[in-house]
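Peer 1: Sharing target28.tsv (TSV, C-alpha atoms) below.
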```tsv
chain	number	residue	atom	x	y	z
A	1	MET	CA	-34.78	52.01	15.48
A	2	SER	CA	-32.56	51.88	12.40
A	3	PRO	CA	-29.93	49.15	11.94
A	4	ARG	CA	-27.31	51.87	11.97
A	5	ALA	CA	-28.39	53.13	15.40
A	6	ALA	CA	-28.45	49.57	16.80
A	7	LEU	CA	-25.00	48.91	15.35
A	8	ILE	CA	-23.62	52.05	16.98
A	9	ASP	CA	-25.28	51.10	20.29
A	10	GLY	CA	-23.50	47.75	20.20
A	11	MET	CA	-20.15	49.35	19.42
A	12	ARG	CA	-20.60	51.87	22.20
A	13	SER	CA	-21.54	49.24	24.80
A	14	VAL	CA	-18.47	47.12	24.16
A	15	ALA	CA	-16.02	50.05	23.88
A	16	PRO	CA	-14.96	50.13	27.58
A	17	LEU	CA	-14.14	46.41	27.40
A	18	LEU	CA	-11.82	46.94	24.44
A	19	ILE	CA	-9.37	48.70	26.79
A	20	GLY	CA	-8.68	45.29	28.31
A	21	VAL	CA	-8.60	43.46	24.98
A	22	ALA	CA	-6.04	45.72	23.28
A	23	PRO	CA	-3.06	45.07	25.60
A	24	PHE	CA	-3.88	41.35	25.66
A	25	GLY	CA	-3.88	41.23	21.85
A	26	LEU	CA	-0.61	43.12	21.65
A	27	ILE	CA	1.07	40.86	24.19
A	28	PHE	CA	-0.27	37.72	22.56
A	29	GLY	CA	1.22	38.85	19.23
A	30	VAL	CA	4.59	39.63	20.83
A	31	THR	CA	4.61	36.24	22.62
A	32	ALA	CA	3.68	34.29	19.49
A	33	ALA	CA	6.30	36.07	17.39
A	34	GLY	CA	8.99	35.27	19.96
A	35	SER	CA	8.00	31.60	20.27
A	36	ALA	CA	8.82	28.59	18.12
A	37	VAL	CA	5.31	28.84	16.66
A	38	GLY	CA	6.18	32.16	15.02
A	39	GLY	CA	4.32	35.31	14.12
A	40	GLY	CA	2.71	33.92	10.96
A	41	LEU	CA	0.81	31.08	12.57
A	42	GLY	CA	0.37	33.17	15.73
A	43	TYR	CA	-1.53	35.82	13.79
A	44	ALA	CA	-3.36	33.22	11.68
A	45	SER	CA	-4.74	31.77	14.93
A	46	SER	CA	-6.47	35.15	15.51
A	47	LEU	CA	-8.39	34.61	12.28
A	48	ILE	CA	-8.89	30.86	12.61
A	49	ILE	CA	-9.54	30.42	16.36
A	50	PHE	CA	-10.33	33.97	17.51
A	51	ALA	CA	-10.30	33.24	21.27
A	52	GLY	CA	-7.46	34.79	23.31
A	53	ALA	CA	-6.93	32.37	26.19
A	54	ALA	CA	-7.20	29.33	23.89
A	55	GLN	CA	-4.81	30.90	21.35
A	56	LEU	CA	-2.28	31.57	24.08
A	57	ALA	CA	-2.50	28.05	25.51
A	58	THR	CA	-2.15	26.69	21.97
A	59	VAL	CA	1.03	28.70	21.33
A	60	GLN	CA	2.51	27.73	24.71
A	61	LEU	CA	1.75	24.03	24.29
A	62	LEU	CA	2.97	23.89	20.68
A	63	THR	CA	6.19	25.65	21.75
A	64	ALA	CA	6.63	23.07	24.52
A	65	GLY	CA	6.27	20.32	21.92
A	66	SER	CA	3.01	18.83	23.19
A	67	THR	CA	1.21	16.24	21.12
A	68	ALA	CA	-1.62	17.44	18.88
A	69	ALA	CA	-4.30	15.67	20.95
A	70	VAL	CA	-3.27	17.46	24.16
A	71	VAL	CA	-3.16	20.88	22.50
A	72	ILE	CA	-6.57	20.39	20.89
A	73	ALA	CA	-8.22	19.00	24.05
A	74	THR	CA	-6.83	21.83	26.21
A	75	ALA	CA	-7.96	24.57	23.82
A	76	LEU	CA	-11.44	23.10	23.45
A	77	VAL	CA	-11.91	22.76	27.23
A	78	ILE	CA	-10.93	26.43	27.58
A	79	ASN	CA	-13.52	27.29	24.92
A	80	ALA	CA	-16.27	25.05	26.31
A	81	ARG	CA	-17.84	28.11	27.92
A	82	HIS	CA	-19.05	29.10	24.45
A	83	LEU	CA	-21.59	26.27	24.64
A	84	MET	CA	-23.17	28.12	27.54
A	85	TYR	CA	-23.19	31.42	25.62
A	86	SER	CA	-24.64	29.74	22.54
A	87	ALA	CA	-27.46	28.21	24.58
A	88	ALA	CA	-28.28	31.54	26.23
A	89	LEU	CA	-28.28	33.45	22.92
A	90	ALA	CA	-30.19	30.85	20.85
A	91	PRO	CA	-33.70	32.03	21.83
A	92	HIS	CA	-32.79	35.61	20.87
A	93	PHE	CA	-31.17	34.60	17.57
A	94	ARG	CA	-34.04	32.29	16.56
A	95	GLU	CA	-35.70	34.88	14.34
A	96	PHE	CA	-32.51	36.02	12.62
A	97	PRO	CA	-32.07	35.11	8.94
A	98	SER	CA	-30.34	31.76	8.71
A	99	ARG	CA	-27.07	33.01	7.21
A	100	TRP	CA	-26.73	35.44	10.13
A	101	ARG	CA	-27.27	32.58	12.57
A	102	TRP	CA	-24.39	30.72	10.94
A	103	ALA	CA	-22.08	33.73	10.59
A	104	LEU	CA	-22.51	35.50	13.94
A	105	PRO	CA	-21.18	32.62	16.10
A	106	TYR	CA	-17.75	33.07	14.50
A	107	ILE	CA	-17.43	36.48	16.20
A	108	LEU	CA	-18.98	35.39	19.53
A	109	THR	CA	-16.77	36.30	22.51
A	110	ASP	CA	-17.12	36.64	26.30
A	111	GLN	CA	-17.44	40.40	25.93
A	112	ALA	CA	-19.95	40.42	23.03
A	113	PHE	CA	-22.03	37.88	24.94
A	114	ALA	CA	-21.96	39.88	28.17
A	115	VAL	CA	-23.07	43.21	26.68
A	116	SER	CA	-25.70	41.65	24.38
A	117	ILE	CA	-27.40	39.38	26.89
A	118	SER	CA	-27.83	42.24	29.34
A	119	ARG	CA	-29.22	44.52	26.60
A	120	TYR	CA	-31.63	41.80	25.41
A	121	ASP	CA	-33.50	42.05	28.73
A	122	SER	CA	-34.93	45.37	27.60
A	123	GLU	CA	-35.14	44.90	23.80
A	124	ASN	CA	-37.53	42.72	21.84
A	125	ASP	CA	-36.95	43.74	18.23
A	126	PRO	CA	-34.96	40.97	16.46
A	127	ASP	CA	-33.47	43.46	13.99
A	128	TYR	CA	-32.19	45.60	16.85
A	129	LYS	CA	-30.77	42.52	18.59
A	130	ARG	CA	-29.02	41.37	15.44
A	131	TRP	CA	-27.33	44.70	14.65
A	132	PHE	CA	-26.49	45.37	18.30
A	133	PHE	CA	-24.69	42.03	18.59
A	134	PHE	CA	-22.95	42.57	15.27
A	135	GLY	CA	-21.76	46.03	16.33
A	136	ALA	CA	-20.36	44.79	19.65
A	137	ALA	CA	-18.83	41.59	18.27
A	138	VAL	CA	-17.27	43.08	15.15
A	139	SER	CA	-15.64	45.90	17.16
A	140	LEU	CA	-13.99	43.31	19.33
A	141	TRP	CA	-12.99	41.18	16.34
A	142	THR	CA	-11.39	44.17	14.64
A	143	THR	CA	-9.57	45.22	17.82
A	144	TRP	CA	-8.19	41.70	18.28
A	145	GLN	CA	-7.03	41.40	14.66
A	146	LEU	CA	-5.28	44.78	14.69
A	147	THR	CA	-3.63	44.42	18.10
A	148	THR	CA	-2.42	40.83	17.61
A	149	MET	CA	-1.03	41.82	14.21
A	150	ALA	CA	0.69	44.86	15.74
A	151	GLY	CA	2.15	42.59	18.44
A	152	VAL	CA	3.53	40.21	15.82
A	153	VAL	CA	5.11	43.11	13.92
A	154	LEU	CA	6.60	44.66	17.08
A	155	GLY	CA	7.57	41.22	18.41
A	156	ALA	CA	11.30	40.98	18.00
A	157	SER	CA	11.95	44.65	18.81
A	158	ILE	CA	10.72	44.42	22.41
A	159	PRO	CA	13.58	43.64	24.83
A	160	GLU	CA	13.16	40.62	27.10
A	161	THR	CA	14.14	42.67	30.17
A	162	TRP	CA	10.75	44.40	29.99
A	163	SER	CA	9.18	41.09	31.14
A	164	LEU	CA	6.17	41.88	28.97
A	165	ASP	CA	5.12	38.22	29.09
A	166	PHE	CA	4.04	38.86	32.70
A	167	ALA	CA	1.13	40.95	31.38
A	168	ILE	CA	-0.56	37.73	30.22
A	169	PRO	CA	-1.14	36.21	33.69
A	170	LEU	CA	-2.15	39.73	34.78
A	171	VAL	CA	-4.90	39.82	32.13
A	172	PHE	CA	-6.12	36.41	33.25
A	173	LEU	CA	-6.02	37.57	36.87
A	174	ALA	CA	-8.14	40.59	35.99
A	175	LEU	CA	-10.71	38.23	34.42
A	176	LEU	CA	-10.46	35.65	37.21
A	177	VAL	CA	-11.27	37.93	40.14
A	178	PRO	CA	-14.79	38.94	38.96
A	179	ALA	CA	-15.48	35.28	38.04
A	180	LEU	CA	-15.22	34.37	41.77
A	181	ARG	CA	-18.88	35.01	42.51
A	182	ASP	CA	-19.61	32.52	45.28
A	183	ARG	CA	-18.09	29.70	47.28
A	184	PRO	CA	-18.29	27.00	44.56
A	185	THR	CA	-16.55	29.24	41.99
A	186	VAL	CA	-13.80	30.00	44.54
A	187	VAL	CA	-13.38	26.25	45.16
A	188	ALA	CA	-13.16	25.68	41.38
A	189	ALA	CA	-10.42	28.32	41.10
A	190	VAL	CA	-8.37	27.17	44.12
A	191	VAL	CA	-8.44	23.52	43.06
A	192	GLY	CA	-7.84	24.39	39.38
A	193	GLY	CA	-4.84	26.56	40.23
A	194	MET	CA	-3.27	24.19	42.76
A	195	VAL	CA	-3.68	21.07	40.64
A	196	ALA	CA	-2.26	22.86	37.59
A	197	LEU	CA	0.73	23.90	39.71
A	198	VAL	CA	1.38	20.42	41.10
A	199	ALA	CA	0.79	18.83	37.68
A	200	ASN	CA	3.07	21.33	35.93
A	201	ASP	CA	5.63	18.60	35.22
A	202	ALA	CA	3.02	16.10	34.07
A	203	SER	CA	3.97	14.28	30.90
A	204	TYR	CA	2.61	15.49	27.57
A	205	ASN	CA	2.08	18.96	29.15
A	206	LEU	CA	-1.25	17.78	30.50
A	207	GLY	CA	-0.95	20.08	33.56
A	208	LEU	CA	-3.28	22.81	32.33
A	209	LEU	CA	-5.92	20.35	31.15
A	210	ILE	CA	-5.77	18.28	34.36
A	211	GLY	CA	-5.92	21.46	36.47
A	212	ALA	CA	-8.89	22.87	34.55
A	213	LEU	CA	-10.87	19.62	34.67
A	214	SER	CA	-10.13	19.12	38.41
A	215	GLY	CA	-11.25	22.67	39.15
A	216	ILE	CA	-14.51	22.20	37.22
A	217	ALA	CA	-15.20	18.92	39.02
A	218	ALA	CA	-14.43	20.49	42.41
A	219	GLY	CA	-16.85	23.35	41.67
A	220	VAL	CA	-19.64	20.91	40.82
A	221	VAL	CA	-19.02	18.95	44.04
A	222	ALA	CA	-18.87	22.13	46.15
A	223	GLU	CA	-22.17	23.30	44.73
A	224	ARG	CA	-23.79	19.95	45.44
A	225	VAL	CA	-22.51	19.94	49.05
A	226	ALA	CA	-23.77	23.48	49.61
A	227	SER	CA	-27.32	22.82	48.35
B	1	MET	CA	0.20	16.63	12.92
B	2	SER	CA	1.57	19.97	11.78
B	3	ASP	CA	1.08	23.04	13.96
B	4	TRP	CA	-1.09	24.60	11.25
B	5	LEU	CA	-3.41	21.63	11.19
B	6	VAL	CA	-3.73	21.75	15.01
B	7	VAL	CA	-4.77	25.41	14.82
B	8	VAL	CA	-7.32	24.66	12.09
B	9	VAL	CA	-8.85	21.80	14.10
B	10	ILE	CA	-9.10	24.03	17.19
B	11	GLY	CA	-10.65	26.76	15.04
B	12	LEU	CA	-13.29	24.41	13.65
B	13	GLY	CA	-14.00	22.97	17.11
B	14	THR	CA	-14.34	26.43	18.62
B	15	TYR	CA	-16.72	27.52	15.84
B	16	GLY	CA	-18.73	24.35	16.51
B	17	LEU	CA	-19.03	25.20	20.23
B	18	ARG	CA	-20.17	28.73	19.39
B	19	LEU	CA	-22.61	27.57	16.71
B	20	SER	CA	-24.02	24.64	18.72
B	21	PHE	CA	-27.28	26.01	20.10
B	22	ILE	CA	-27.58	29.09	17.87
B	23	GLY	CA	-27.30	27.22	14.59
B	24	VAL	CA	-28.09	23.56	15.20
B	25	LEU	CA	-29.59	22.59	18.56
B	26	GLY	CA	-31.95	25.57	18.58
B	27	THR	CA	-33.79	26.62	21.67
B	28	ARG	CA	-34.10	23.26	23.37
B	29	PRO	CA	-32.90	23.70	26.98
B	30	MET	CA	-29.47	22.44	27.87
B	31	PRO	CA	-29.66	19.47	30.27
B	32	LEU	CA	-28.67	20.29	33.86
B	33	TRP	CA	-25.76	17.84	33.89
B	34	ALA	CA	-24.20	19.89	31.09
B	35	GLN	CA	-25.10	23.30	32.52
B	36	ARG	CA	-23.58	22.78	35.97
B	37	PRO	CA	-19.94	22.18	35.02
B	38	LEU	CA	-19.91	25.00	32.43
B	39	ARG	CA	-20.37	27.57	35.18
B	40	PHE	CA	-16.96	26.57	36.55
B	41	VAL	CA	-15.00	26.60	33.29
B	42	ALA	CA	-13.93	30.25	33.59
B	43	PRO	CA	-12.68	30.24	37.23
B	44	ALA	CA	-11.00	26.83	36.89
B	45	VAL	CA	-9.27	27.53	33.57
B	46	LEU	CA	-8.15	31.05	34.49
B	47	ALA	CA	-6.71	29.92	37.83
B	48	ALA	CA	-4.97	26.98	36.13
B	49	LEU	CA	-3.34	29.49	33.76
B	50	VAL	CA	-2.44	32.08	36.42
B	51	VAL	CA	-1.15	30.09	39.41
B	52	PRO	CA	1.75	28.24	37.72
B	53	ALA	CA	2.68	31.38	35.75
B	54	VAL	CA	3.17	33.48	38.89
B	55	THR	CA	4.53	30.91	41.37
B	56	LEU	CA	7.06	28.98	39.28
B	57	GLN	CA	10.52	30.36	38.63
B	58	SER	CA	12.46	28.16	36.18
B	59	GLY	CA	10.14	25.26	37.00
B	60	VAL	CA	10.53	25.50	40.79
B	61	ILE	CA	7.96	26.97	43.22
B	62	ASP	CA	9.31	30.24	44.58
B	63	VAL	CA	7.15	32.93	46.19
B	64	THR	CA	9.86	35.05	47.83
B	65	PRO	CA	9.76	38.74	46.82
B	66	LEU	CA	13.29	38.87	45.43
B	67	GLY	CA	13.60	35.27	44.22
B	68	ASN	CA	10.38	35.56	42.23
B	69	PRO	CA	9.05	39.15	42.17
B	70	ARG	CA	6.20	38.03	39.88
B	71	PHE	CA	4.34	36.46	42.80
B	72	LEU	CA	4.22	39.61	44.93
B	73	ALA	CA	3.35	41.73	41.88
B	74	ALA	CA	0.50	39.32	41.05
B	75	VAL	CA	-0.89	39.46	44.61
B	76	ALA	CA	-0.91	43.27	44.46
B	77	ALA	CA	-2.57	43.15	41.03
B	78	ALA	CA	-5.24	40.77	42.38
B	79	LEU	CA	-6.05	43.23	45.16
B	80	VAL	CA	-6.40	45.97	42.55
B	81	ALA	CA	-8.69	43.68	40.51
B	82	LEU	CA	-10.90	43.24	43.58
B	83	ARG	CA	-11.35	46.99	43.83
B	84	LEU	CA	-11.66	48.05	40.21
B	85	LYS	CA	-13.11	46.37	37.16
B	86	ASN	CA	-10.46	47.65	34.85
B	87	VAL	CA	-8.08	45.27	33.11
B	88	ALA	CA	-5.73	48.09	32.09
B	89	GLY	CA	-5.38	49.23	35.72
B	90	VAL	CA	-4.49	45.71	36.82
B	91	ILE	CA	-1.80	45.46	34.12
B	92	VAL	CA	-0.32	48.87	35.02
B	93	VAL	CA	-0.07	48.04	38.74
B	94	GLY	CA	1.27	44.52	38.21
B	95	MET	CA	3.87	45.49	35.60
B	96	GLY	CA	4.91	48.60	37.55
B	97	LEU	CA	5.49	46.66	40.73
B	98	LEU	CA	7.38	43.93	38.87
B	99	TRP	CA	9.74	46.51	37.33
B	100	ILE	CA	10.34	48.13	40.72
B	101	LEU	CA	11.09	44.77	42.37
B	102	GLN	CA	13.36	43.76	39.48
B	103	ALA	CA	15.25	47.05	39.78
B	104	LEU	CA	15.70	46.44	43.53
B	105	GLY	CA	16.71	42.78	43.15
```
Let me see the structure of the file written as structure tokens.
Peer 2:
Amino acid sequence: MSPRAALIDGMRSVAPLLIGVAPFGLIFGVTAAGSAVGGGLGYASSLIIFAGAAQLATVQLLTAGSTAAVVIATALVINARHLMYSAALAPHFREFPSRWRWALPYILTDQAFAVSISRYDSENDPDYKRWFFFGAAVSLWTTWQLTTMAGVVLGASIPETWSLDFAIPLVFLALLVPALRDRPTVVAAVVGGMVALVANDASYNLGLLIGALSGIAAGVVAERVAS
Amino acid sequence: MSDWLVVVVIGLGTYGLRLSFIGVLGTRPMPLWAQRPLRFVAPAVLAALVVPAVTLQSGVIDVTPLGNPRFLAAVAAALVALRLKNVAGVIVVGMGLLWILQALG
């Protein structure tokens, strides 16, 4: 199959997921523009970090005046799941030219991972795999850049009474529900959410980080007890 | 540290996490002690982001429908998320209900 056909396959597979990404990008841009961080750095984080939940936590923590170490640690814990994706993709990417292996991880996302890894079950051609991933990942990258930029531009003109900031927890909720696959993942979520709530007033804005780490630990324990 | 520098450090760190096995560690298997916790990153992080955002009103826990309409709207949105795998649908239901409750309150 031609690279072009593989590229289009990748774009097509990720298209339904872009419907969820677009409003998130827009809302992130609006939020960043309205915060102390500002639209400039808010949009720059789409280019530099390119990971929605981590970008949002970064903007919120910087606005709250957290110390650099707390902001960095929180964002990197949120993004730790990429280690798992990288490990799962590595055997498929092994035969790619080396500059592709160094460039493609920049556009790796939850969505590009999900559609590629399921397609790789039935495809063995490394060229197909490479162009498929590129098609899926670059569609998402482009969508995120355009929608976060549009959000930054719209930013100030959206009235606060619309409560548009509420769409952010709604996006996370929509991602959380399918992540609750079994009892240990439910335990991880319940503990993570409750601890983050109780620790909301923790000094240095450590609440999110403490909640996330407690939830992860609780999930590991629950899994061990169950087996 | 300036905000810009913080964003750059997070960007480099995130790229490092994404590159790790693909570019550097190769196809060696990840040790089990590292694999196990990673499975729980998504549910733990997402819940830690959602729960305070929908239960706190000006820093105080409030889950009454009129005191904090966000909580009820989030519960309804979660039920929608259980039924349909569509982020846009969840946003529409949650935002719609919040606007209705705010208009009533």
Peer 1: List every residue of chain B that has an atom at most 8 Å from any atom of chain A, giving for each one its closest atom pair and the distance in Å to one decimal, counting only C-alpha atoms, sorted by chain and then by ascending residue number, as a tab-separated table.
Peer 2:
```
residue	atom	partner	partner_atom	distance
B:Met1	CA	A:Ala68	CA	6.3
B:Asp3	CA	A:Leu62	CA	7.0
B:Trp4	CA	A:Leu41	CA	6.9
B:Val6	CA	A:Ala68	CA	6.2
B:Val7	CA	A:Ser45	CA	6.4
B:Val8	CA	A:Ile48	CA	6.4
B:Val9	CA	A:Ile72	CA	7.3
B:Ile10	CA	A:Ile72	CA	5.8
B:Gly11	CA	A:Ile49	CA	4.0
B:Leu12	CA	A:Ile49	CA	7.6
B:Gly13	CA	A:Leu76	CA	6.8
B:Thr14	CA	A:Asn79	CA	6.4
B:Tyr15	CA	A:Tyr106	CA	5.8
B:Leu17	CA	A:Leu83	CA	5.2
B:Arg18	CA	A:Pro105	CA	5.2
B:Leu19	CA	A:Pro105	CA	5.3
B:Ser20	CA	A:Ser86	CA	6.4
B:Phe21	CA	A:Ala87	CA	5.0
B:Ile22	CA	A:Ala90	CA	4.3
B:Gly23	CA	A:Arg101	CA	5.7
B:Gly26	CA	A:Ala90	CA	6.0
B:Thr27	CA	A:Pro91	CA	5.4
B:Pro29	CA	A:Ala87	CA	7.5
B:Met30	CA	A:Ala87	CA	6.9
B:Gln35	CA	A:Met84	CA	7.2
B:Arg36	CA	A:Val220	CA	6.5
B:Pro37	CA	A:Ile216	CA	5.9
B:Leu38	CA	A:Arg81	CA	5.9
B:Arg39	CA	A:Arg81	CA	7.7
B:Phe40	CA	A:Ile216	CA	5.1
B:Val41	CA	A:Ile216	CA	5.9
B:Ala42	CA	A:Ala179	CA	6.9
B:Pro43	CA	A:Ala189	CA	4.9
B:Ala44	CA	A:Ala189	CA	4.5
B:Val45	CA	A:Ala212	CA	4.8
B:Leu46	CA	A:Leu176	CA	5.8
B:Ala47	CA	A:Gly193	CA	4.5
B:Ala48	CA	A:Gly193	CA	4.1
B:Leu49	CA	A:Leu208	CA	6.8
B:Val50	CA	A:Pro169	CA	5.1
B:Val51	CA	A:Gly193	CA	5.2
B:Pro52	CA	A:Leu197	CA	4.9
B:Ala53	CA	A:Pro169	CA	6.5
B:Val54	CA	A:Pro169	CA	7.3
B:Arg70	CA	A:Phe166	CA	7.5
B:Ala74	CA	A:Leu170	CA	6.8
B:Ala77	CA	A:Leu170	CA	7.1
B:Ala78	CA	A:Leu173	CA	6.4
B:Ala81	CA	A:Ala174	CA	5.5
B:Leu82	CA	A:Val177	CA	6.3
B:Lys85	CA	A:Ala174	CA	7.7
B:Asn86	CA	A:Gly20	CA	7.2
B:Val87	CA	A:Gly20	CA	4.8
B:Ala88	CA	A:Gly20	CA	5.6
B:Val90	CA	A:Ala174	CA	6.3
B:Ile91	CA	A:Leu170	CA	5.8
B:Gly94	CA	A:Leu170	CA	6.8
B:Met95	CA	A:Ala167	CA	6.8
B:Trp99	CA	A:Trp162	CA	7.7
```
Peer 1: So the first atom is CA of Ile100 in chain B and the second is CA of Val75 in chain B; what is the distance between them in Å, to one decimal place?
Peer 2: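 Taking CA of Ile100 in chain B as the start and CA of Val75 in chain B as the end point, the length is 14.7 Å.
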Peer 1: So that I can see what lies close to range 150-158 of chain A, please list as an NGL selection string the residues with an atom at most 9 Å from it, counting all atoms listed in the file and leaving out residues fewer than 5 positions away in the same chain.
Peer 2: :A and (25-34 or 38-40 or 42-43 or 145 or 164)
Peer 1: So how far away is CA of Ser66 in chain A from CA of Asn205 in chain A, in Å?
Peer 2: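 Taking CA of Asn205 in chain A as the start and CA of Ser66 in chain A as the end point, the length is 6.0 Å.
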Peer 1: Determine, counting all atoms listed in the file, which protein, DNA and RNA residues have an atom within 9 Å of an atom of Gly105 in chain B; residues of the same chain fewer than 2 positions away are not included. Present the result as a PyMOL selection string.
Peer 2: chain B and resi 65-67+69+100-103
Peer 1: Please provide the set of residues having any atom within 12 Å of Met11 in chain A, restricted to all atoms listed in the file, with same-chain residues fewer than 5 positions apart removed, written as a ChimeraX atom specification.
Peer 2: /A:4-6,16-18,111-112,115-116,131-143
